[in-house]
file final.pdb (PDB, C-alpha atoms and all ligand atoms)
ATOM      1  CA  MET A  14      90.220 188.251 215.951
ATOM      2  CA  PHE A  15      93.370 186.762 214.516
ATOM      3  CA  TRP A  16      96.929 186.006 215.608
ATOM      4  CA  CYS A  17      99.962 187.106 213.683
ATOM      5  CA  GLN A  18     103.704 187.200 214.162
ATOM      6  CA  GLY A  19     105.543 190.436 213.639
ATOM      7  CA  ILE A  20     107.882 193.224 214.632
ATOM      8  CA  VAL A  21     106.972 196.593 216.148
ATOM      9  CA  ILE A  22     108.416 199.017 213.606
ATOM     10  CA  LYS A  23     107.248 202.259 215.220
ATOM     11  CA  THR A  24     104.985 203.634 217.912
ATOM     12  CA  LYS A  25     103.327 206.974 218.619
ATOM     13  CA  PRO A  26     101.436 208.169 221.701
ATOM     14  CA  MET A  27      97.685 208.531 221.261
ATOM     15  CA  LYS A  28      95.193 210.167 223.687
ATOM     16  CA  GLU A  29      96.265 209.981 227.357
ATOM     17  CA  ALA A  30      97.144 206.343 227.685
ATOM     18  CA  ASP A  31      97.129 204.641 224.287
ATOM     19  CA  ARG A  32      99.711 204.013 221.632
ATOM     20  CA  ILE A  33      99.516 203.686 217.884
ATOM     21  CA  VAL A  34     101.702 200.717 217.026
ATOM     22  CA  VAL A  35     102.807 199.971 213.477
ATOM     23  CA  LEU A  36     103.657 196.308 212.998
ATOM     24  CA  TYR A  37     105.237 194.474 210.126
ATOM     25  CA  THR A  38     103.741 191.018 210.246
ATOM     26  CA  LYS A  39     104.605 187.801 208.487
ATOM     27  CA  GLU A  40     100.992 187.042 207.591
ATOM     28  CA  ARG A  41      99.549 190.452 206.671
ATOM     29  CA  GLY A  42     102.485 192.774 206.042
ATOM     30  CA  LYS A  43     102.390 196.277 207.539
ATOM     31  CA  LEU A  44      99.482 196.933 209.917
ATOM     32  CA  GLY A  45      98.386 199.998 211.875
ATOM     33  CA  THR A  46      97.196 198.964 215.339
ATOM     34  CA  VAL A  47      96.250 200.496 218.683
ATOM     35  CA  ALA A  48      97.489 199.249 222.043
ATOM     36  CA  LYS A  49      94.867 200.682 224.392
ATOM     37  CA  GLY A  50      96.090 201.674 227.826
ATOM     38  CA  SER A  51      99.655 200.657 227.009
ATOM     39  CA  ARG A  52     101.118 203.914 228.338
ATOM     40  CA  ARG A  53      99.709 203.283 231.820
ATOM     41  CA  PRO A  54     102.202 201.904 234.328
ATOM     42  CA  ASN A  55     102.034 198.128 234.682
ATOM     43  CA  ASN A  56      99.791 197.750 231.644
ATOM     44  CA  ARG A  57     100.067 194.199 230.302
ATOM     45  CA  LEU A  58     100.646 195.410 226.730
ATOM     46  CA  ALA A  59     103.359 197.946 227.653
ATOM     47  CA  SER A  60     106.391 195.710 227.174
ATOM     48  CA  LEU A  61     104.882 193.909 224.165
ATOM     49  CA  VAL A  62     104.595 197.112 222.142
ATOM     50  CA  GLN A  63     108.090 198.496 222.733
ATOM     51  CA  PRO A  64     109.807 199.386 219.426
ATOM     52  CA  PHE A  65     111.677 196.475 217.745
ATOM     53  CA  THR A  66     109.885 193.786 219.787
ATOM     54  CA  LYS A  67     109.263 190.566 217.915
ATOM     55  CA  GLY A  68     106.102 188.903 219.105
ATOM     56  CA  ARG A  69     102.819 187.194 218.455
ATOM     57  CA  PHE A  70      99.893 189.587 218.531
ATOM     58  CA  LEU A  71      96.166 188.925 218.850
ATOM     59  CA  LEU A  72      94.388 191.574 216.787
ATOM     60  CA  SER A  73      90.791 192.557 216.251
ATOM     61  CA  ASP A  74      89.741 192.682 212.618
ATOM     62  CA  PRO A  75      87.512 195.732 212.084
ATOM     63  CA  THR A  76      86.285 196.380 208.548
ATOM     64  CA  SER A  77      88.111 199.693 208.517
ATOM     65  CA  GLY A  78      90.586 201.670 210.614
ATOM     66  CA  LEU A  79      93.154 200.534 213.129
ATOM     67  CA  LYS A  80      93.109 197.091 214.679
ATOM     68  CA  ASP A  81      93.227 196.691 218.454
ATOM     69  CA  ILE A  82      95.977 194.632 220.028
ATOM     70  CA  SER A  83      94.176 192.678 222.721
ATOM     71  CA  GLN A  84      97.006 190.441 223.872
ATOM     72  CA  GLY A  85     100.316 188.999 222.786
ATOM     73  CA  ILE A  86     103.468 187.085 223.548
ATOM     74  CA  ILE A  87     107.001 188.460 223.315
ATOM     75  CA  ILE A  88     109.242 186.203 221.218
ATOM     76  CA  GLU A  89     112.274 188.482 221.367
ATOM     77  CA  SER A  90     112.257 191.800 223.201
ATOM     78  CA  ASN A  91     115.322 193.139 221.326
ATOM     79  CA  GLN A  92     115.969 195.310 224.359
ATOM     80  CA  ASP A  93     119.691 195.578 223.507
ATOM     81  CA  LEU A  94     118.745 197.496 220.342
ATOM     82  CA  ARG A  95     116.904 200.075 222.447
ATOM     83  CA  GLU A  96     119.566 200.473 225.107
ATOM     84  CA  ASP A  97     122.534 201.281 222.858
ATOM     85  CA  LEU A  98     122.096 204.726 221.298
ATOM     86  CA  LEU A  99     123.998 203.875 218.099
ATOM     87  CA  LYS A 100     122.060 200.644 217.572
ATOM     88  CA  LEU A 101     118.807 202.395 218.362
ATOM     89  CA  ALA A 102     119.554 205.053 215.734
ATOM     90  CA  ALA A 103     120.625 202.466 213.131
ATOM     91  CA  THR A 104     117.538 200.308 213.753
ATOM     92  CA  ASN A 105     115.163 203.265 213.570
ATOM     93  CA  TYR A 106     116.669 204.254 210.238
ATOM     94  CA  PHE A 107     116.483 200.740 208.802
ATOM     95  CA  LEU A 108     112.866 200.388 209.937
ATOM     96  CA  GLU A 109     111.945 203.766 208.447
ATOM     97  CA  LEU A 110     113.228 202.527 205.080
ATOM     98  CA  VAL A 111     110.942 199.496 205.364
ATOM     99  CA  ASP A 112     107.991 201.559 206.607
ATOM    100  CA  SER A 113     108.256 204.103 203.811
ATOM    101  CA  SER A 114     108.650 201.578 201.011
ATOM    102  CA  VAL A 115     105.824 199.093 201.686
ATOM    103  CA  GLU A 116     102.046 199.450 201.479
ATOM    104  CA  THR A 117      99.695 198.534 204.324
ATOM    105  CA  GLU A 118      98.374 194.944 204.293
ATOM    106  CA  ASP A 119     100.599 193.840 201.434
ATOM    107  CA  PRO A 120     102.438 190.868 202.959
ATOM    108  CA  ASP A 121     105.841 189.911 201.595
ATOM    109  CA  LEU A 122     107.737 187.110 203.277
ATOM    110  CA  GLU A 123     111.045 188.302 201.836
ATOM    111  CA  VAL A 124     110.547 191.760 203.373
ATOM    112  CA  TYR A 125     109.696 190.135 206.704
ATOM    113  CA  GLN A 126     112.820 187.977 206.555
ATOM    114  CA  SER A 127     114.930 191.022 205.634
ATOM    115  CA  LEU A 128     113.551 192.776 208.698
ATOM    116  CA  LEU A 129     114.578 189.904 210.950
ATOM    117  CA  LEU A 130     117.998 189.751 209.291
ATOM    118  CA  GLY A 131     118.418 193.506 209.704
ATOM    119  CA  LEU A 132     117.697 193.460 213.434
ATOM    120  CA  LYS A 133     120.089 190.553 213.929
ATOM    121  CA  LEU A 134     122.813 192.179 211.883
ATOM    122  CA  ILE A 135     122.556 195.505 213.732
ATOM    123  CA  LYS A 136     122.589 193.643 217.045
ATOM    124  CA  LEU A 137     125.807 191.776 216.226
ATOM    125  CA  ALA A 138     127.537 194.321 213.989
ATOM    126  CA  THR A 139     131.117 195.348 214.560
ATOM    127  CA  ASP A 140     130.815 197.915 211.762
ATOM    128  CA  LEU A 141     127.318 199.397 211.922
ATOM    129  CA  GLU A 142     127.893 201.754 209.027
ATOM    130  CA  LEU A 143     128.844 198.960 206.638
ATOM    131  CA  SER A 144     125.986 196.812 207.925
ATOM    132  CA  LEU A 145     123.552 199.603 207.088
ATOM    133  CA  ARG A 146     124.970 199.824 203.566
ATOM    134  CA  TYR A 147     124.494 196.075 203.141
ATOM    135  CA  LEU A 148     120.910 196.303 204.442
ATOM    136  CA  GLU A 149     120.092 199.283 202.211
ATOM    137  CA  TYR A 150     121.386 197.345 199.207
ATOM    138  CA  ARG A 151     119.599 194.087 200.056
ATOM    139  CA  LEU A 152     116.316 195.807 200.837
ATOM    140  CA  LEU A 153     116.367 197.546 197.434
ATOM    141  CA  SER A 154     116.759 194.108 195.809
ATOM    142  CA  VAL A 155     113.997 192.507 197.905
ATOM    143  CA  LEU A 156     111.636 195.329 196.910
ATOM    144  CA  GLY A 157     112.440 194.791 193.232
ATOM    145  CA  TRP A 158     114.637 197.866 192.899
ATOM    146  CA  ASN A 159     117.883 195.977 192.259
ATOM    147  CA  LEU A 160     120.752 198.263 191.356
ATOM    148  CA  GLN A 161     122.097 197.557 187.886
ATOM    149  CA  MET A 162     125.872 197.620 188.359
ATOM    150  CA  GLN A 163     127.079 195.614 185.362
ATOM    151  CA  ASN A 164     125.344 197.014 182.289
ATOM    152  CA  CYS A 165     124.109 200.431 181.215
ATOM    153  CA  THR A 166     120.544 200.816 182.556
ATOM    154  CA  SER A 167     119.530 202.497 179.324
ATOM    155  CA  CYS A 168     121.131 200.671 176.366
ATOM    156  CA  GLY A 169     122.339 197.534 178.137
ATOM    157  CA  LYS A 170     125.999 197.974 177.175
ATOM    158  CA  ASP A 171     128.340 195.746 179.210
ATOM    159  CA  LEU A 172     130.322 198.021 181.555
ATOM    160  CA  MET A 173     132.304 195.379 183.419
ATOM    161  CA  LYS A 174     135.580 196.398 181.708
ATOM    162  CA  GLU A 175     135.014 200.159 182.027
ATOM    163  CA  ASP A 176     136.746 202.187 184.688
ATOM    164  CA  ASP A 177     134.967 205.533 184.167
ATOM    165  CA  LEU A 178     131.859 204.505 186.089
ATOM    166  CA  LYS A 179     128.863 206.716 186.713
ATOM    167  CA  PHE A 180     125.792 205.809 188.727
ATOM    168  CA  SER A 181     122.370 207.349 188.102
ATOM    169  CA  PRO A 182     120.116 207.277 191.210
ATOM    170  CA  VAL A 183     116.982 207.871 189.110
ATOM    171  CA  GLN A 184     117.865 205.067 186.705
ATOM    172  CA  GLY A 185     118.942 202.847 189.602
ATOM    173  CA  GLY A 186     122.233 201.825 188.057
ATOM    174  CA  LEU A 187     125.177 202.605 185.821
ATOM    175  CA  THR A 188     124.886 204.596 182.626
ATOM    176  CA  CYS A 189     127.337 204.529 179.704
ATOM    177  CA  VAL A 190     128.895 207.689 178.213
ATOM    178  CA  GLU A 191     126.209 207.881 175.491
ATOM    179  CA  CYS A 192     123.269 207.424 177.866
ATOM    180  CA  ARG A 193     124.139 209.787 180.730
ATOM    181  CA  PHE A 194     121.035 211.020 182.474
ATOM    182  CA  GLY A 195     122.407 214.126 184.188
ATOM    183  CA  ASP A 196     122.159 213.039 187.845
ATOM    184  CA  GLU A 197     125.168 210.710 187.826
ATOM    185  CA  ILE A 198     127.609 210.153 190.687
ATOM    186  CA  SER A 199     131.127 208.863 189.958
ATOM    187  CA  LEU A 200     132.231 205.677 191.599
ATOM    188  CA  SER A 201     135.406 203.680 191.714
ATOM    189  CA  VAL A 202     135.842 200.161 190.359
ATOM    190  CA  LYS A 203     136.336 199.040 193.971
ATOM    191  CA  THR A 204     132.990 200.473 195.124
ATOM    192  CA  ARG A 205     131.272 198.731 192.231
ATOM    193  CA  ALA A 206     132.949 195.462 193.238
ATOM    194  CA  VAL A 207     131.765 195.901 196.847
ATOM    195  CA  LEU A 208     128.183 196.528 195.696
ATOM    196  CA  LEU A 209     128.279 193.480 193.425
ATOM    197  CA  SER A 210     129.686 191.388 196.277
ATOM    198  CA  PHE A 211     126.644 192.311 198.434
ATOM    199  CA  ASP A 212     124.543 190.064 196.150
ATOM    200  CA  ARG A 213     126.318 186.903 197.166
ATOM    201  CA  LEU A 214     127.934 187.843 200.454
ATOM    202  CA  GLN A 215     126.684 186.125 203.588
ATOM    203  CA  PRO A 216     126.075 188.780 206.265
ATOM    204  CA  LYS A 217     128.666 187.238 208.556
ATOM    205  CA  ALA A 218     131.338 187.758 205.871
ATOM    206  CA  LEU A 219     130.839 191.545 206.100
ATOM    207  CA  ILE A 220     133.508 191.632 208.770
ATOM    208  CA  LYS A 221     136.117 190.637 206.170
ATOM    209  CA  LEU A 222     135.441 193.656 203.965
ATOM    210  CA  LYS A 223     138.139 196.218 204.600
ATOM    211  CA  LEU A 224     137.122 199.667 203.441
ATOM    212  CA  ASP A 225     138.725 203.023 204.059
ATOM    213  CA  LYS A 226     136.806 206.238 204.691
ATOM    214  CA  LYS A 227     136.748 207.229 201.020
ATOM    215  CA  ASP A 228     135.247 203.878 199.986
ATOM    216  CA  LYS A 229     132.665 204.117 202.736
ATOM    217  CA  ASP A 230     131.710 207.673 201.789
ATOM    218  CA  GLU A 231     131.274 206.632 198.172
ATOM    219  CA  LEU A 232     129.099 203.643 199.104
ATOM    220  CA  GLU A 233     126.999 205.852 201.354
ATOM    221  CA  LYS A 234     126.503 208.440 198.623
ATOM    222  CA  ILE A 235     125.406 205.823 196.061
ATOM    223  CA  LEU A 236     123.013 203.968 198.350
ATOM    224  CA  ARG A 237     121.513 207.025 200.047
ATOM    225  CA  ASN A 238     120.876 208.657 196.660
ATOM    226  CA  ALA A 239     119.456 205.420 195.260
ATOM    227  CA  TRP A 240     117.016 205.291 198.195
ATOM    228  CA  ASP A 241     116.094 208.964 198.001
ATOM    229  CA  ALA A 242     115.175 208.453 194.334
ATOM    230  CA  ARG A 243     112.801 205.613 195.333
ATOM    231  CA  ILE A 244     110.886 206.970 198.319
ATOM    232  CA  GLU A 245     108.920 210.194 198.680
ATOM    233  CA  LYS A 246     110.447 211.638 201.823
ATOM    234  CA  LYS A 247     114.058 211.630 202.937
ATOM    235  CA  PRO A 248     114.196 209.523 206.103
ATOM    236  CA  LYS A 249     114.390 211.800 209.164
ATOM    237  CA  THR A 250     115.939 209.032 211.221
ATOM    238  CA  TYR A 251     119.008 209.123 208.981
ATOM    239  CA  LEU A 252     119.993 212.558 210.258
ATOM    240  CA  PHE A 253     119.792 211.277 213.825
ATOM    241  CA  TRP A 254     121.931 208.253 212.933
ATOM    242  CA  LYS A 255     124.524 210.563 211.334
ATOM    243  CA  GLU A 256     124.554 212.761 214.420
ATOM    244  CA  VAL A 257     125.082 209.998 216.951
ATOM    245  CA  SER A 258     127.574 208.112 214.804
ATOM    246  CA  SER A 259     129.705 211.223 214.213
ATOM    247  CA  LEU A 260     129.588 211.970 217.954
ATOM    248  CA  GLU A 261     130.713 208.427 218.690
ATOM    249  CA  ASN A 262     133.571 208.711 216.164
ATOM    250  CA  SER A 263     134.831 211.967 217.657
ATOM    251  CA  ASN A 264     134.635 210.487 221.177
ATOM    252  CA  SER A 265     136.604 207.372 220.229
ATOM    253  CA  GLY A 266     139.186 209.681 218.643
ATOM    254  CA  LYS A 267     139.584 211.442 222.004
ATOM    255  CA  ASP A 268     140.015 208.106 223.782
ATOM    256  CA  LEU A 269     142.908 207.259 221.482
ATOM    257  CA  GLN A 270     144.625 210.584 222.171
ATOM    258  CA  ALA A 271     144.227 210.322 225.942
TER     259      ALA A 271
HETATM  260 ZN    ZN A 301     124.030 203.213 177.422
END
call {"tool": "encode", "arguments": {"input": "final.pdb", "output": "C-alpha cells", "more": "lines below"}}
Ligand SMILES: [Zn+2]
result
Amino acid sequence: MFWCQGIVIKTKPMKEADRIVVLYTKERGKLGTVAKGSRRPNNRLASLVQPFTKGRFLLSDPTSGLKDISQGIIIESNQDLREDLLKLAATNYFLELVDSSVETEDPDLEVYQSLLLGLKLIKLATDLELSLRYLEYRLLSVLGWNLQMQNCTSCGKDLMKEDDLKFSPVQGGLTCVECRFGDEISLSVKTRAVLLSFDRLQPKALIKLKLDKKDKDELEKILRNAWDARIEKKPKTYLFWKEVSSLENSNSGKDLQA
C-alpha cells in the first residue's frame, strides 16, 4: 500500500457498485484505480472519487492491473467546477488533453503543476475560452511540444519581421515560403504576438488581453489543430464544450436584447 496526492481526472462505472477512477498523481503520474463500492449510497469513497477532486489516496500496489483505492482524504473537492455546466465542460476538455497525452505511471511534476494551475484558472476565469487557449498552449510546452513561433520550423529562418505568417500543425510552428508543408493555416501578426506572450504571461494577466472574435477564432484554430496533430483521437469533450459555450453565448445575447 502507498499514499499519493493527486487529482481525479475521469471516472467510469464498473459492475453494479464500483467505479474505475483515473488519477493523475504527483508521485506516480497517471494511474488507473478502482474505488470498490463507491457507487453505493453513503459509501465512504463516494465523495473522494468525484471528478476533479484533489486528494490524498491510499492505494494497493498489485503487480499488474488496477490499484484499489482503500481510503483517502479530500484536499479540495472542486465542487464548483462540477456545478457550473460551462466550467464542467471546460475542465473535462482540459483533463482529456492531459489524459490523452501522458503515459500511465510516468510521473512529471510539471504536468501535475499544470493540472493544478488549469483547475484554478478555470475556477476563477472571467474568459473561459481564452483561459483554455492559454492552457492548451502551456500544456504543449510542458509536454515538450513547444510551438515554434519565431523561426521557420524547417530551415530556421528568422520570421519575426515577416507579416505573411503560416502555421503548420504537423511541424508545430511557422514555416517560411520556401519550406511550406502543405497543411498551413494563416495567422495574423497579432495572433502570433498573443501566442508568444503566453510564454511569459502570468495567468492572472490574461484578463488584460483584449481580443475580438476574429482573433479568438484564429487562436482556437491554431491551437486545436496543433493538438490534433499531436494526439491520436480528437477530444470528444471539446464538442461538448463548444455546444454549451455557444448555447451560453446565444442566451446572453437574448438577455441583452430583453
Ligand atoms: Zn524555411
call {"tool": "atom_distance", "arguments": {"input": "final.pdb", "atom1": "atom CA of Pro75 of chain A", "atom2": "atom CA of Leu110 of chain A"}}
result
27.5 Å
call {"tool": "atom_distance", "arguments": {"input": "final.pdb", "atom1": "atom CA of Thr166 of chain A", "atom2": "atom CA of Ser199 of chain A"}}
result
15.2 Å
call {"tool": "resolve_selection", "arguments": {"input": "final.pdb", "expression": "the PyMOL selection byres (((chain A and resi 58) around 12) and not hetatm)", "output": "PyMOL selection string"}}
result
chain A and resi 30-32+34+47-57+59-63+66+68-71+81-87
call {"tool": "residues_around", "arguments": {"input": "final.pdb", "residues": "Glu40 of chain A", "least_positions_apart": "6", "cutoff": "10 Å", "atoms": "all atoms listed in the file", "output": "mmCIF file with C-alpha atoms, in the coordinates of the input"}}
result
data_model
loop_
_atom_site.group_PDB
_atom_site.id
_atom_site.type_symbol
_atom_site.label_atom_id
_atom_site.label_comp_id
_atom_site.auth_asym_id
_atom_site.auth_seq_id
_atom_site.Cartn_x
_atom_site.Cartn_y
_atom_site.Cartn_z
ATOM 1 C CA TRP A 16 96.929 186.006 215.608
ATOM 2 C CA CYS A 17 99.962 187.106 213.683
ATOM 3 C CA GLN A 18 103.704 187.200 214.162
ATOM 4 C CA GLY A 19 105.543 190.436 213.639
ATOM 5 C CA GLU A 118 98.374 194.944 204.293
ATOM 6 C CA ASP A 119 100.599 193.840 201.434
ATOM 7 C CA PRO A 120 102.438 190.868 202.959
ATOM 8 C CA ASP A 121 105.841 189.911 201.595
ATOM 9 C CA LEU A 122 107.737 187.110 203.277
ATOM 10 C CA TYR A 125 109.696 190.135 206.704
#
call {"tool": "resolve_selection", "arguments": {"input": "final.pdb", "expression": "the PyMOL selection byres (((chain A and resi 258) around 10) and not hetatm)", "output": "list in words"}}
result
Leu98, Leu99, Lys100, Ala102, Ala103, Leu141, Glu142, Leu252, Phe253, Trp254, Lys255, Glu256, Val257, Ser259, Leu260, Glu261, Asn262, Ser263 and Asn264 of chain A
call {"tool": "closest_residue", "arguments": {"input": "final.pdb", "among": "A:Val190, A:Ala239, A:Leu200, A:Ile22", "to": "ligand ZN 301 (chain A)", "atoms": "only C-alpha atoms and all ligand atoms"}}
result
A:Val190
call {"tool": "residues_near_ligand", "arguments": {"input": "final.pdb", "ligand": "ligand ZN 301 (chain A)", "cutoff": "10 Å", "atoms": "all atoms listed in the file", "output": "number ranges by chain"}}
result
A: 164-172, 187-194
call {"tool": "write_last_selection", "arguments": {"input": "final.pdb", "atoms": "C-alpha atoms", "output": "compact mmCIF listing (two decimals), keeping the file's coordinate frame"}}
result
# COMPACT_ATOMS: atom_id res chain seq x y z
CA ASN A 164 125.34 197.01 182.29
CA CYS A 165 124.11 200.43 181.22
CA THR A 166 120.54 200.82 182.56
CA SER A 167 119.53 202.50 179.32
CA CYS A 168 121.13 200.67 176.37
CA GLY A 169 122.34 197.53 178.14
CA LYS A 170 126.00 197.97 177.18
CA ASP A 171 128.34 195.75 179.21
CA LEU A 172 130.32 198.02 181.56
CA LEU A 187 125.18 202.60 185.82
CA THR A 188 124.89 204.60 182.63
CA CYS A 189 127.34 204.53 179.70
CA VAL A 190 128.90 207.69 178.21
CA GLU A 191 126.21 207.88 175.49
CA CYS A 192 123.27 207.42 177.87
CA ARG A 193 124.14 209.79 180.73
CA PHE A 194 121.04 211.02 182.47
call {"tool": "atom_distance", "arguments": {"input": "final.pdb", "atom1": "atom CA of Val124 of chain A", "atom2": "atom CA of Lys221 of chain A"}}
result
25.7 Å
call {"tool": "resolve_selection", "arguments": {"input": "final.pdb", "expression": "the PyMOL selection byres (((chain A and resi 109) around 9) and not hetatm)", "output": "number ranges by chain"}}
result
A: 22-23, 104-108, 110-114, 248-251
call {"tool": "decode", "arguments": {"input": "final.pdb", "residues": "segment 190-266 of chain A", "atoms": "C-alpha atoms", "output": "mmCIF file, in the first residue's frame"}}
result
data_model
loop_
_atom_site.group_PDB
_atom_site.id
_atom_site.type_symbol
_atom_site.label_atom_id
_atom_site.label_comp_id
_atom_site.auth_asym_id
_atom_site.auth_seq_id
_atom_site.Cartn_x
_atom_site.Cartn_y
_atom_site.Cartn_z
ATOM 1 C CA VAL A 190 7.665 30.499 -48.051
ATOM 2 C CA GLU A 191 10.348 28.038 -49.238
ATOM 3 C CA CYS A 192 9.550 25.370 -46.642
ATOM 4 C CA ARG A 193 5.742 25.208 -46.760
ATOM 5 C CA PHE A 194 4.489 21.800 -45.753
ATOM 6 C CA GLY A 195 1.002 21.882 -47.271
ATOM 7 C CA ASP A 196 -1.115 21.897 -44.089
ATOM 8 C CA GLU A 197 -0.527 25.544 -43.174
ATOM 9 C CA ILE A 198 -3.039 27.903 -41.570
ATOM 10 C CA SER A 199 -2.642 31.675 -41.995
ATOM 11 C CA LEU A 200 -2.337 33.791 -38.913
ATOM 12 C CA SER A 201 -2.088 37.467 -38.198
ATOM 13 C CA VAL A 202 0.892 39.203 -36.613
ATOM 14 C CA LYS A 203 -1.364 39.922 -33.623
ATOM 15 C CA THR A 204 -2.216 36.241 -33.077
ATOM 16 C CA ARG A 205 1.473 35.389 -33.213
ATOM 17 C CA ALA A 206 2.167 38.095 -30.622
ATOM 18 C CA VAL A 207 -0.560 36.687 -28.341
ATOM 19 C CA LEU A 208 0.893 33.171 -28.616
ATOM 20 C CA LEU A 209 4.393 34.458 -27.869
ATOM 21 C CA SER A 210 3.050 36.409 -24.890
ATOM 22 C CA PHE A 211 1.643 33.156 -23.411
ATOM 23 C CA ASP A 212 5.257 32.106 -22.694
ATOM 24 C CA ARG A 213 5.855 34.863 -20.201
ATOM 25 C CA LEU A 214 2.355 35.893 -19.204
ATOM 26 C CA GLN A 215 1.268 35.225 -15.639
ATOM 27 C CA PRO A 216 -2.181 33.588 -15.709
ATOM 28 C CA LYS A 217 -3.721 36.466 -13.790
ATOM 29 C CA ALA A 218 -2.652 38.875 -16.561
ATOM 30 C CA LEU A 219 -4.905 37.028 -19.043
ATOM 31 C CA ILE A 220 -7.706 39.374 -18.087
ATOM 32 C CA LYS A 221 -5.803 42.269 -19.685
ATOM 33 C CA LEU A 222 -5.689 40.636 -23.113
ATOM 34 C CA LYS A 223 -8.373 42.194 -25.262
ATOM 35 C CA LEU A 224 -9.225 40.044 -28.249
ATOM 36 C CA ASP A 225 -12.073 40.296 -30.707
ATOM 37 C CA LYS A 226 -13.934 37.318 -32.152
ATOM 38 C CA LYS A 227 -11.670 37.054 -35.196
ATOM 39 C CA ASP A 228 -8.530 36.912 -33.034
ATOM 40 C CA LYS A 229 -10.115 34.310 -30.797
ATOM 41 C CA ASP A 230 -11.210 32.170 -33.743
ATOM 42 C CA GLU A 231 -7.705 32.288 -35.177
ATOM 43 C CA LEU A 232 -6.115 31.308 -31.854
ATOM 44 C CA GLU A 233 -8.588 28.461 -31.492
ATOM 45 C CA LYS A 234 -7.864 27.172 -34.988
ATOM 46 C CA ILE A 235 -4.081 27.203 -34.435
ATOM 47 C CA LEU A 236 -4.140 25.554 -31.017
ATOM 48 C CA ARG A 237 -6.838 22.981 -31.777
ATOM 49 C CA ASN A 238 -5.016 21.933 -34.959
ATOM 50 C CA ALA A 239 -1.682 21.840 -33.133
ATOM 51 C CA TRP A 240 -3.231 19.497 -30.547
ATOM 52 C CA ASP A 241 -4.982 17.315 -33.107
ATOM 53 C CA ALA A 242 -1.622 16.793 -34.836
ATOM 54 C CA ARG A 243 -0.118 15.571 -31.527
ATOM 55 C CA ILE A 244 -2.709 13.175 -30.123
ATOM 56 C CA GLU A 245 -4.355 10.162 -31.737
ATOM 57 C CA LYS A 246 -8.014 10.933 -31.176
ATOM 58 C CA LYS A 247 -9.806 14.253 -31.382
ATOM 59 C CA PRO A 248 -11.052 15.017 -27.869
ATOM 60 C CA LYS A 249 -14.786 14.248 -27.626
ATOM 61 C CA THR A 250 -15.160 16.611 -24.697
ATOM 62 C CA TYR A 251 -14.286 19.526 -26.974
ATOM 63 C CA LEU A 252 -17.527 19.147 -28.911
ATOM 64 C CA PHE A 253 -19.475 19.279 -25.656
ATOM 65 C CA TRP A 254 -17.583 22.403 -24.571
ATOM 66 C CA LYS A 255 -18.373 24.045 -27.932
ATOM 67 C CA GLU A 256 -22.037 23.151 -27.573
ATOM 68 C CA VAL A 257 -22.513 24.542 -24.086
ATOM 69 C CA SER A 258 -20.410 27.633 -24.718
ATOM 70 C CA SER A 259 -22.322 28.514 -27.902
ATOM 71 C CA LEU A 260 -25.607 27.982 -26.033
ATOM 72 C CA GLU A 261 -24.402 30.284 -23.274
ATOM 73 C CA ASN A 262 -23.366 32.945 -25.819
ATOM 74 C CA SER A 263 -26.741 32.878 -27.558
ATOM 75 C CA ASN A 264 -28.537 33.089 -24.190
ATOM 76 C CA SER A 265 -26.505 36.089 -23.030
ATOM 77 C CA GLY A 266 -27.301 37.721 -26.379
#
